[in-house]
$ cat structure03.cif   # mmCIF, C-alpha atoms (C1' of nucleotides) and all ligand atoms
data_target
#
loop_
_atom_site.label_atom_id
_atom_site.label_comp_id
_atom_site.auth_asym_id
_atom_site.auth_seq_id
_atom_site.Cartn_x
_atom_site.Cartn_y
_atom_site.Cartn_z
CA MET Z 1379 -51.39 36.50 -28.54
CA PHE Z 1380 -51.98 35.07 -25.05
CA SER Z 1381 -49.91 35.60 -21.91
CA GLN Z 1382 -47.82 32.70 -20.69
CA SER Z 1383 -50.19 32.24 -17.74
CA CYS Z 1384 -53.11 32.02 -20.12
CA LYS Z 1385 -51.41 29.48 -22.36
CA TYR Z 1386 -50.60 27.30 -19.37
CA ALA Z 1387 -54.14 27.73 -18.04
CA ILE Z 1388 -55.71 26.56 -21.28
CA ARG Z 1389 -53.37 23.58 -21.58
CA ALA Z 1390 -53.88 22.69 -17.91
CA MET Z 1391 -57.64 22.83 -18.27
CA PHE Z 1392 -57.52 20.58 -21.33
CA LEU Z 1393 -55.35 18.13 -19.43
CA VAL Z 1394 -57.39 18.10 -16.22
CA ALA Z 1395 -60.62 17.86 -18.20
CA GLN Z 1396 -59.36 14.79 -19.96
CA ARG Z 1397 -57.67 13.03 -17.05
CA SER Z 1398 -60.39 13.79 -14.49
CA SER Z 1399 -63.21 12.72 -16.78
CA GLU Z 1400 -63.54 9.45 -14.84
CA GLY Z 1401 -63.89 11.25 -11.53
CA ARG Z 1402 -60.41 11.09 -10.05
CA PHE Z 1403 -58.47 14.14 -8.92
CA VAL Z 1404 -55.35 14.99 -10.91
CA GLY Z 1405 -52.35 16.03 -8.84
CA ILE Z 1406 -50.52 19.24 -9.49
CA LYS Z 1407 -47.28 17.41 -10.12
CA GLU Z 1408 -48.98 15.28 -12.74
CA VAL Z 1409 -50.34 18.39 -14.42
CA ALA Z 1410 -46.95 20.10 -14.46
CA GLU Z 1411 -45.31 17.02 -15.92
CA GLY Z 1412 -48.08 16.50 -18.42
CA LEU Z 1413 -47.52 20.02 -19.72
CA ASP Z 1414 -43.77 20.13 -19.23
CA ALA Z 1415 -44.24 23.35 -17.28
CA PRO Z 1416 -42.95 24.73 -13.96
CA GLN Z 1417 -44.91 23.12 -11.14
CA HIS Z 1418 -45.20 26.12 -8.80
CA PHE Z 1419 -46.26 28.40 -11.58
CA ILE Z 1420 -48.93 25.93 -12.66
CA ALA Z 1421 -50.02 25.64 -9.02
CA LYS Z 1422 -50.57 29.35 -8.81
CA ILE Z 1423 -52.55 29.40 -12.03
CA LEU Z 1424 -54.74 26.46 -11.02
CA GLN Z 1425 -55.41 28.01 -7.63
CA ASP Z 1426 -56.58 31.12 -9.40
CA LEU Z 1427 -58.80 29.10 -11.72
CA SER Z 1428 -60.16 27.29 -8.67
CA LYS Z 1429 -61.05 30.58 -6.95
CA ARG Z 1430 -62.86 31.64 -10.08
CA GLY Z 1431 -64.84 28.40 -10.12
CA PHE Z 1432 -63.45 26.98 -13.35
CA ILE Z 1433 -61.92 23.99 -11.60
CA THR Z 1434 -62.51 22.02 -8.39
CA SER Z 1435 -59.66 21.32 -5.97
CA ALA Z 1436 -59.12 19.00 -3.03
CA LYS Z 1437 -56.28 18.89 -0.52
CA GLY Z 1438 -54.55 15.91 0.97
CA PRO Z 1439 -53.78 12.47 -0.35
CA LYS Z 1440 -55.91 11.61 -3.36
CA GLY Z 1441 -56.39 15.34 -3.71
CA GLY Z 1442 -55.73 17.42 -6.77
CA PHE Z 1443 -57.82 19.10 -9.41
CA LEU Z 1444 -60.92 18.03 -11.25
CA ILE Z 1445 -63.36 19.48 -13.71
CA ASP Z 1446 -66.89 18.58 -12.75
CA VAL Z 1447 -69.97 18.27 -14.92
CA ASN Z 1448 -70.89 21.97 -14.80
CA GLN Z 1449 -67.33 23.09 -15.33
CA ARG Z 1450 -67.15 21.13 -18.56
CA ASN Z 1451 -69.01 23.98 -20.22
CA THR Z 1452 -66.15 26.38 -19.65
CA THR Z 1453 -64.97 27.78 -22.97
CA LEU Z 1454 -61.52 28.95 -23.93
CA TYR Z 1455 -62.89 32.46 -24.10
CA ASP Z 1456 -64.02 32.22 -20.47
CA LEU Z 1457 -60.43 31.43 -19.55
CA VAL Z 1458 -58.85 34.07 -21.74
CA LEU Z 1459 -61.27 36.69 -20.46
CA ALA Z 1460 -60.55 35.81 -16.83
CA ILE Z 1461 -56.79 35.79 -17.21
CA ASP Z 1462 -55.87 38.21 -20.00
CA GLY Z 1463 -59.03 40.28 -20.12
CA ASN Z 1464 -60.85 41.32 -23.26
CA LYS Z 1465 -58.11 43.45 -24.79
CA LEU Z 1466 -57.25 40.93 -27.50
CA ILE Z 1467 -60.78 41.17 -28.82
CA THR Z 1468 -61.68 44.78 -28.08
CA SER Z 1469 -58.56 46.92 -27.99
CA CYS Z 1470 -56.95 48.64 -30.94
CA CYS Z 1471 -54.22 46.54 -32.53
CA LEU Z 1472 -52.05 49.63 -32.91
CA GLY Z 1473 -52.59 50.86 -29.38
CA LEU Z 1474 -55.12 53.66 -29.80
CA LYS Z 1475 -56.97 54.14 -26.52
CA ASP Z 1476 -60.33 53.76 -28.16
CA CYS Z 1477 -60.97 51.20 -30.87
CA SER Z 1478 -64.14 52.22 -32.65
CA GLU Z 1479 -65.67 53.21 -35.94
CA LYS Z 1480 -65.42 56.83 -34.82
CA ASN Z 1481 -61.66 56.87 -34.47
CA PRO Z 1482 -60.36 53.94 -36.51
CA CYS Z 1483 -56.68 53.28 -37.00
CA PRO Z 1484 -55.54 52.29 -40.51
CA VAL Z 1485 -55.81 48.57 -39.83
CA HIS Z 1486 -59.11 48.67 -37.97
CA ASN Z 1487 -61.24 47.44 -40.83
CA ASP Z 1488 -58.82 44.68 -41.69
CA PHE Z 1489 -58.50 43.37 -38.16
CA LYS Z 1490 -62.15 43.53 -37.24
CA PRO Z 1491 -63.17 40.31 -39.00
CA ILE Z 1492 -60.03 38.54 -37.84
CA ARG Z 1493 -60.71 39.36 -34.23
CA LYS Z 1494 -64.30 38.28 -34.66
CA LYS Z 1495 -63.10 34.95 -35.91
CA ILE Z 1496 -60.71 34.51 -33.00
CA HIS Z 1497 -63.48 35.38 -30.61
CA SER Z 1498 -66.00 32.95 -32.05
CA MET Z 1499 -63.40 30.22 -32.21
CA LEU Z 1500 -62.52 30.63 -28.54
CA ASP Z 1501 -66.16 30.90 -27.62
CA ASN Z 1502 -67.05 27.70 -29.41
CA THR Z 1503 -64.33 25.57 -27.87
CA LYS Z 1504 -64.97 23.91 -24.54
CA VAL Z 1505 -62.28 22.55 -22.26
CA CYS Z 1506 -63.57 18.99 -22.66
CA ASP Z 1507 -63.94 19.11 -26.44
CA TYR Z 1508 -60.69 17.28 -27.08
CA ASN Z 1509 -60.74 14.61 -24.38
CA ASP Z 1510 -60.76 11.81 -26.94
CA GLU Z 1511 -58.17 13.33 -29.24
CA LEU Z 1512 -55.84 13.90 -26.29
CA ALA Z 1513 -56.30 10.31 -25.11
CA GLN Z 1514 -55.47 9.08 -28.59
CA SER Z 1515 -52.53 11.43 -29.09
CA VAL Z 1516 -54.14 13.18 -32.02
CA PHE Z 1517 -53.42 16.41 -30.18
CA TYR Z 1518 -50.68 17.15 -27.67
CA LEU Z 1519 -50.25 19.38 -24.63
CA LYS Z 1520 -46.48 19.32 -24.54
CA ASP Z 1521 -43.70 19.01 -27.01
CA ALA Z 1522 -42.70 15.52 -28.02
CA GLY Z 1523 -39.43 14.60 -26.37
CA ILE Z 1524 -36.23 14.64 -28.34
CA GLY Z 1525 -36.74 11.46 -30.30
CA PRO Z 1526 -34.13 9.12 -31.67
CA ILE Z 1527 -31.69 10.91 -33.89
CA THR Z 1528 -32.95 10.28 -37.39
CA ASN Z 1529 -29.93 10.22 -39.66
CA MET C 251 -50.82 40.82 -30.47
CA PHE C 252 -47.96 43.27 -31.10
CA SER C 253 -45.47 44.67 -28.62
CA GLN C 254 -45.82 48.31 -27.68
CA SER C 255 -42.66 49.11 -29.65
CA CYS C 256 -44.13 47.45 -32.69
CA LYS C 257 -47.42 49.33 -32.43
CA TYR C 258 -45.58 52.62 -32.16
CA ALA C 259 -43.31 51.64 -35.05
CA ILE C 260 -46.24 50.92 -37.35
CA ARG C 261 -48.04 54.12 -36.41
CA ALA C 262 -44.83 56.15 -36.75
CA MET C 263 -44.13 54.68 -40.18
CA PHE C 264 -47.66 55.51 -41.34
CA LEU C 265 -47.25 59.05 -40.07
CA VAL C 266 -43.82 59.67 -41.55
CA ALA C 267 -44.87 58.08 -44.83
CA GLN C 268 -47.76 60.47 -45.09
CA ARG C 269 -46.09 63.65 -43.89
CA SER C 270 -42.82 63.12 -45.76
CA SER C 271 -44.50 62.27 -49.03
CA GLU C 272 -43.70 65.76 -50.36
CA GLY C 273 -40.01 65.37 -49.58
CA ARG C 274 -39.63 67.19 -46.28
CA PHE C 275 -38.12 65.58 -43.19
CA VAL C 276 -40.46 65.07 -40.26
CA GLY C 277 -39.00 65.91 -36.83
CA ILE C 278 -39.09 63.46 -34.00
CA LYS C 279 -41.08 65.84 -31.86
CA GLU C 280 -43.70 66.12 -34.56
CA VAL C 281 -43.92 62.34 -34.80
CA ALA C 282 -44.30 61.93 -31.04
CA GLU C 283 -47.02 64.57 -30.94
CA GLY C 284 -48.77 63.14 -33.95
CA LEU C 285 -48.97 59.77 -32.25
CA ASP C 286 -49.46 61.07 -28.70
CA ALA C 287 -46.55 58.89 -27.64
CA PRO C 288 -43.42 59.39 -25.50
CA GLN C 289 -40.83 61.24 -27.56
CA HIS C 290 -37.69 59.48 -26.36
CA PHE C 291 -39.22 56.09 -26.78
CA ILE C 292 -40.28 56.95 -30.32
CA ALA C 293 -36.78 58.26 -30.97
CA LYS C 294 -35.31 54.93 -29.98
CA ILE C 295 -37.71 53.04 -32.21
CA LEU C 296 -37.14 55.29 -35.22
CA GLN C 297 -33.37 55.05 -34.81
CA ASP C 298 -33.71 51.29 -34.88
CA LEU C 299 -35.89 51.46 -38.00
CA SER C 300 -33.33 53.76 -39.55
CA LYS C 301 -30.50 51.29 -38.87
CA ARG C 302 -32.57 48.59 -40.50
CA GLY C 303 -33.09 50.75 -43.57
CA PHE C 304 -36.84 51.19 -43.27
CA ILE C 305 -36.58 54.93 -42.83
CA THR C 306 -34.13 57.69 -43.73
CA SER C 307 -32.86 60.14 -41.14
CA ALA C 308 -31.05 63.47 -41.22
CA LYS C 309 -29.49 65.41 -38.38
CA GLY C 310 -29.48 69.14 -37.80
CA PRO C 311 -31.98 71.87 -38.60
CA LYS C 312 -34.51 70.73 -41.21
CA GLY C 313 -33.51 67.23 -40.22
CA GLY C 314 -35.80 64.45 -39.15
CA PHE C 315 -37.17 61.32 -40.72
CA LEU C 316 -38.38 60.54 -44.20
CA ILE C 317 -39.55 57.56 -46.17
CA ASP C 318 -38.03 57.59 -49.61
CA VAL C 319 -39.32 56.05 -52.80
CA ASN C 320 -37.82 52.60 -52.20
CA GLN C 321 -38.86 52.54 -48.56
CA ARG C 322 -42.47 53.04 -49.58
CA ASN C 323 -42.61 49.34 -50.37
CA THR C 324 -42.08 48.40 -46.73
CA THR C 325 -44.97 46.28 -45.52
CA LEU C 326 -46.38 45.98 -42.05
CA TYR C 327 -45.07 42.45 -41.96
CA ASP C 328 -41.56 43.71 -42.62
CA LEU C 329 -41.89 45.88 -39.53
CA VAL C 330 -43.47 43.23 -37.34
CA LEU C 331 -40.85 40.70 -38.36
CA ALA C 332 -38.01 43.10 -37.60
CA ILE C 333 -39.33 44.16 -34.22
CA ASP C 334 -41.36 41.26 -32.79
CA GLY C 335 -40.01 38.43 -34.87
CA ASN C 336 -42.06 35.75 -36.53
CA LYS C 337 -43.52 34.17 -33.41
CA LEU C 338 -47.00 35.57 -33.96
CA ILE C 339 -47.19 33.74 -37.26
CA THR C 340 -45.14 30.63 -36.59
CA SER C 341 -45.20 29.79 -32.88
CA CYS C 342 -47.78 27.65 -31.13
CA CYS C 343 -50.61 29.72 -29.66
CA LEU C 344 -50.54 27.58 -26.53
CA GLY C 345 -46.80 27.74 -26.10
CA LEU C 346 -45.61 24.36 -27.36
CA LYS C 347 -42.01 24.66 -28.46
CA ASP C 348 -42.74 23.27 -31.88
CA CYS C 349 -45.87 24.20 -33.80
CA SER C 350 -46.34 21.63 -36.52
CA GLU C 351 -48.62 19.02 -37.95
CA LYS C 352 -46.52 16.39 -36.19
CA ASN C 353 -47.18 17.65 -32.71
CA PRO C 354 -50.30 19.83 -32.92
CA CYS C 355 -51.93 21.36 -29.87
CA PRO C 356 -55.73 21.22 -29.65
CA VAL C 357 -56.20 24.62 -31.26
CA HIS C 358 -53.60 24.22 -33.99
CA ASN C 359 -56.06 23.49 -36.78
CA ASP C 360 -58.35 26.32 -35.75
CA PHE C 361 -55.64 28.91 -35.51
CA LYS C 362 -53.78 28.00 -38.63
CA PRO C 363 -56.13 29.78 -41.07
CA ILE C 364 -56.45 32.74 -38.74
CA ARG C 365 -52.72 33.24 -38.58
CA LYS C 366 -52.51 32.85 -42.32
CA LYS C 367 -55.02 35.65 -42.67
CA ILE C 368 -53.13 37.90 -40.29
CA HIS C 369 -49.94 37.21 -42.19
CA SER C 370 -51.38 37.96 -45.61
CA MET C 371 -53.04 41.08 -44.32
CA LEU C 372 -49.80 42.43 -42.89
CA ASP C 373 -47.92 41.39 -46.00
CA ASN C 374 -50.33 43.19 -48.28
CA THR C 375 -50.30 46.49 -46.44
CA LYS C 376 -47.61 49.01 -47.26
CA VAL C 377 -46.66 51.92 -45.04
CA CYS C 378 -47.80 54.43 -47.64
CA ASP C 379 -51.12 52.77 -48.41
CA TYR C 380 -53.12 55.13 -46.25
CA ASN C 381 -51.49 58.47 -46.99
CA ASP C 382 -54.72 59.88 -48.42
CA GLU C 383 -57.00 58.51 -45.74
CA LEU C 384 -54.74 59.88 -43.04
CA ALA C 385 -54.68 63.31 -44.71
CA GLN C 386 -58.45 63.30 -44.87
CA SER C 387 -58.94 61.99 -41.33
CA VAL C 388 -60.64 58.83 -42.50
CA PHE C 389 -58.12 56.97 -40.34
CA TYR C 390 -56.32 58.17 -37.23
CA LEU C 391 -52.97 57.56 -35.61
CA LYS C 392 -53.86 58.85 -32.17
CA ASP C 393 -56.96 59.03 -30.07
CA ALA C 394 -59.25 61.95 -30.68
CA GLY C 395 -58.96 64.45 -27.85
CA ILE C 396 -61.68 64.69 -25.24
CA GLY C 397 -64.30 66.43 -27.26
CA PRO C 398 -67.03 68.79 -26.06
CA ILE C 399 -69.16 67.20 -23.38
CA THR C 400 -72.22 65.98 -25.19
CA ASN C 401 -75.13 66.18 -22.76
"C1'" DA F 652 -53.57 10.05 17.04
"C1'" DA F 653 -49.62 10.23 13.92
"C1'" DA F 654 -47.54 10.48 9.62
"C1'" DA F 655 -47.70 11.36 4.96
"C1'" DT F 656 -49.65 13.73 1.21
"C1'" DA F 657 -50.97 17.55 -1.44
"C1'" DG F 658 -53.02 22.05 -2.26
"C1'" DA F 659 -53.09 27.28 -0.38
"C1'" DA F 660 -50.83 31.30 0.29
"C1'" DG F 661 -47.62 34.61 -0.04
"C1'" DA F 662 -42.89 36.29 -0.08
"C1'" DT F 663 -39.08 36.58 -3.00
"C1'" DA F 664 -36.28 36.46 -7.18
"C1'" DT F 665 -35.32 37.11 -12.19
"C1'" DA F 666 -36.01 38.76 -16.62
"C1'" DA F 667 -38.07 41.38 -20.08
"C1'" DA F 668 -40.58 45.30 -21.63
"C1'" DG F 669 -41.46 49.92 -21.45
"C1'" DG F 670 -40.03 54.44 -20.67
"C1'" DT F 671 -36.82 58.50 -19.28
"C1'" DC F 672 -32.73 61.22 -19.17
"C1'" DT F 673 -28.20 62.99 -20.42
"C1'" DT F 674 -24.39 63.47 -23.39
"C1'" DT F 675 -22.49 63.41 -27.97
"C1'" DT F 676 -22.32 64.20 -32.86
"C1'" DA F 677 -23.68 66.01 -37.22
"C1'" DT F 678 -25.89 69.65 -39.92
"C1'" DT F 679 -27.67 74.04 -41.14
"C1'" DA F 680 -28.25 78.98 -40.79
"C1'" DT F 681 -26.37 83.23 -39.29
"C1'" DA S 135 -16.59 80.52 -37.18
"C1'" DT S 136 -20.47 80.38 -34.13
"C1'" DA S 137 -24.81 79.27 -32.50
"C1'" DA S 138 -28.79 76.73 -32.91
"C1'" DT S 139 -31.01 72.61 -34.14
"C1'" DA S 140 -32.06 67.84 -34.17
"C1'" DA S 141 -30.85 63.04 -34.38
"C1'" DA S 142 -27.59 59.21 -32.21
"C1'" DA S 143 -26.23 56.73 -28.50
"C1'" DG S 144 -26.34 54.74 -24.35
"C1'" DA S 145 -26.99 54.85 -19.40
"C1'" DC S 146 -30.52 54.47 -16.27
"C1'" DC S 147 -35.05 53.76 -14.08
"C1'" DT S 148 -39.78 51.65 -13.52
"C1'" DT S 149 -43.15 48.37 -14.15
"C1'" DT S 150 -44.96 44.05 -15.34
"C1'" DA S 151 -44.58 39.26 -16.34
"C1'" DT S 152 -42.65 35.10 -15.24
"C1'" DA S 153 -40.86 31.86 -12.12
"C1'" DT S 154 -39.27 29.95 -7.61
"C1'" DC S 155 -39.19 28.98 -2.75
"C1'" DT S 156 -40.91 28.40 1.84
"C1'" DT S 157 -44.37 27.94 5.17
"C1'" DC S 158 -49.04 26.81 6.36
"C1'" DT S 159 -53.32 24.16 6.33
"C1'" DA S 160 -56.46 20.52 5.18
"C1'" DT S 161 -57.20 15.60 4.21
"C1'" DT S 162 -56.44 10.79 4.05
"C1'" DT S 163 -54.32 6.52 5.43
"C1'" DT S 164 -52.35 3.73 8.85
S1 LIG X 1601 -58.92 51.39 -33.96
FE1 LIG X 1601 -57.18 50.14 -34.32
S2 LIG X 1601 -58.06 48.17 -34.41
FE2 LIG X 1601 -59.81 49.41 -34.07
S1 LIG X 1602 -49.17 23.47 -32.22
FE1 LIG X 1602 -50.31 24.97 -31.18
S2 LIG X 1602 -50.82 26.33 -32.77
FE2 LIG X 1602 -49.66 24.84 -33.82
#
$ encode --input "structure03.cif" --output "structure tokens" --more "lines below"
Ligand code: FES
Ligand code: FES
Amino acid sequence: MFSQSCKYAIRAMFLVAQRSSEGRFVGIKEVAEGLDAPQHFIAKILQDLSKRGFITSAKGPKGGFLIDVNQRNTTLYDLVLAIDGNKLITSCCLGLKDCSEKNPCPVHNDFKPIRKKIHSMLDNTKVCDYNDELAQSVFYLKDAGIGPITN
Amino acid sequence: MFSQSCKYAIRAMFLVAQRSSEGRFVGIKEVAEGLDAPQHFIAKILQDLSKRGFITSAKGPKGGFLIDVNQRNTTLYDLVLAIDGNKLITSCCLGLKDCSEKNPCPVHNDFKPIRKKIHSMLDNTKVCDYNDELAQSVFYLKDAGIGPITN
DNA sequence: AAAATAGAAGATATAAAGGTCTTTTATTAT
DNA sequence: ATAATAAAAGACCTTTATATCTTCTATTTT
């Protein structure tokens, strides 16, 4: 569905949105650990998001990443569009070069409403929408560790 | 959404289902041309589908591929499952190792019904369901050629 | 000013997906 | 039988995605 970079980007944005909501910068190491993801790969992705203006960065001690007031309006679709492009929403599911009513593949009519739903869902979700749920562990951004063996 | 192999496989199955419905074998070259896809790549995919029993093959002159009466019940989900696995339907959209109610990511609840819809759609579509529409060019399996320039 | 911290940048490595090519084997028609 | 046909098989190549590593630069604290 999404590329690995895009999945990490979305999770990282959720995490930074939540942890930076009080104004502090969140270090890259903290992000990587919070997602259980490779640090350098996350760094690259966050730097890209920073260039695109979705996130604010600061170097040096006390530096890191932060999502400011304006950036809180970023939607998941903004992120997906920037990283993976619009192909998920606009390209033919079966790979025809042109997805349209003029040249529909056999599944075109079936997938159209599904893609619309995906699109509206992504478009209606902002990166700060789950700050509370994340704080309260209603939702997670990494897999729960291997718990006690439950025999 | 689907891997390139999977997209080709679905389109190839639709094409062979339609063109072999009168009992003749459809050559690999004809399939590749009918899909506007690389012949050797299609060959590899069809051979794999043949091994898995989704399609019947015959060597030599008048040989090719055919979908027999039993194979007409193959659904798109059968194909997707064989080629791409079940990750589209069962894995976390944001890449968590375990997608479940116990450890849900922030989009889990939103994506759950969407994935269910995709699954049921694929499960309810058989490879021979569009034989007529394909014959009548209601649906297409390759892009229409560059038509006359319409100034 | 010096040292420590932490992101920026880009080269490099690895793996997976996508695609091509050649040789072999089986079948049919002559 | 022989020649022609067409799939089977597998080696090989290319591209893209994913991940890692090293060096550089900016900032803060002491
Ligand atoms: S033409 Fe295939 S999804 Fe629209
Ligand atoms: S946990 Fe992410 S989709 Fe289920």
$ interface_residues --input "structure03.cif" --of "chain C" --to "chain S" --cutoff "12 Å" --atoms "only C-alpha atoms (C1' of nucleotides)" --output "CSV table (one decimal) with C-alpha atoms, keeping the file's coordinate frame"
chain,number,residue,atom,x,y,z
C,275,PHE,CA,-38.1,65.6,-43.2
C,276,VAL,CA,-40.5,65.1,-40.3
C,277,GLY,CA,-39.0,65.9,-36.8
C,278,ILE,CA,-39.1,63.5,-34.0
C,279,LYS,CA,-41.1,65.8,-31.9
C,280,GLU,CA,-43.7,66.1,-34.6
C,290,HIS,CA,-37.7,59.5,-26.4
C,292,ILE,CA,-40.3,57.0,-30.3
C,293,ALA,CA,-36.8,58.3,-31.0
C,294,LYS,CA,-35.3,54.9,-30.0
C,295,ILE,CA,-37.7,53.0,-32.2
C,296,LEU,CA,-37.1,55.3,-35.2
C,297,GLN,CA,-33.4,55.0,-34.8
C,298,ASP,CA,-33.7,51.3,-34.9
C,300,SER,CA,-33.3,53.8,-39.6
C,301,LYS,CA,-30.5,51.3,-38.9
C,306,THR,CA,-34.1,57.7,-43.7
C,307,SER,CA,-32.9,60.1,-41.1
C,308,ALA,CA,-31.0,63.5,-41.2
C,309,LYS,CA,-29.5,65.4,-38.4
C,310,GLY,CA,-29.5,69.1,-37.8
C,311,PRO,CA,-32.0,71.9,-38.6
C,312,LYS,CA,-34.5,70.7,-41.2
C,313,GLY,CA,-33.5,67.2,-40.2
C,314,GLY,CA,-35.8,64.4,-39.2
C,315,PHE,CA,-37.2,61.3,-40.7
$ closest_residue --input "structure03.cif" --among "Z:Leu1427, Z:Ala1513, Z:Leu1466, Z:Val1409" --to "chain C" --atoms "only C-alpha atoms"
Z:Leu1466
$ interface_residues --input "structure03.cif" --of "chain F" --to "chain C" --cutoff "10 Å" --atoms "only C-alpha atoms (C1' of nucleotides)" --output "PyMOL selection string"
chain F and resi 668-672+676-680
$ closest_atom_pairs --input "structure03.cif" --of "chain C" --to "chain Z" --cutoff "7 Å" --atoms "all atoms listed in the file" --output "CSV"
residue,atom,partner,partner_atom,distance
C:Met251,CA,Z:Met1379,CA,4.8
C:Lys257,CA,Z:Leu1472,CA,4.7
C:Arg261,CA,Z:Leu1472,CA,7.0
C:Cys343,CA,Z:Met1379,CA,6.9
C:Leu344,CA,Z:Lys1385,CA,4.7
C:Gly345,CA,Z:Lys1385,CA,6.2
C:Leu346,CA,Z:Asp1521,CA,5.7
C:Lys347,CA,Z:Asp1521,CA,6.1
C:Asp348,CA,Z:Asp1521,CA,6.5
C:Asn353,CA,Z:Tyr1518,CA,6.2
C:Pro354,CA,Z:Phe1517,CA,5.4
C:Cys355,CA,Z:Tyr1518,CA,4.9
C:Pro356,CA,Z:Phe1517,CA,5.4
C:Ile364,CA,Z:Ile1492,CA,6.9
C:Tyr380,CA,Z:Pro1484,CA,6.8
C:Phe389,CA,Z:Cys1483,CA,5.2
C:Tyr390,CA,Z:Cys1483,CA,4.9
C:Leu391,CA,Z:Cys1483,CA,5.8
C:Lys392,CA,Z:Leu1474,CA,5.8
C:Asp393,CA,Z:Leu1474,CA,5.7
C:Ala394,CA,Z:Asn1481,CA,6.8
$ axis_aligned_box --input "structure03.cif" --around "range 1485-1494 of chain Z" --padding-each-side "3 Å" --output "lines of an AutoDock Vina configuration file"
center_x = -60.1
center_y = 43.5
center_z = -38.0
size_x = 14.5
size_y = 16.4
size_z = 13.5
$ atom_distance --input "structure03.cif" --atom1 "CA of Ser1399 in chain Z" --atom2 "CA of Asp1510 in chain Z"
10.5 Å
$ atom_distance --input "structure03.cif" --atom1 "CA of Val330 in chain C" --atom2 "atom S2 of ligand LIG 1601 (chain X)"
15.7 Å
$ atom_distance --input "structure03.cif" --atom1 "atom FE1 of ligand LIG 1602 (chain X)" --atom2 "CA of Ile339 in chain C"
11.1 Å
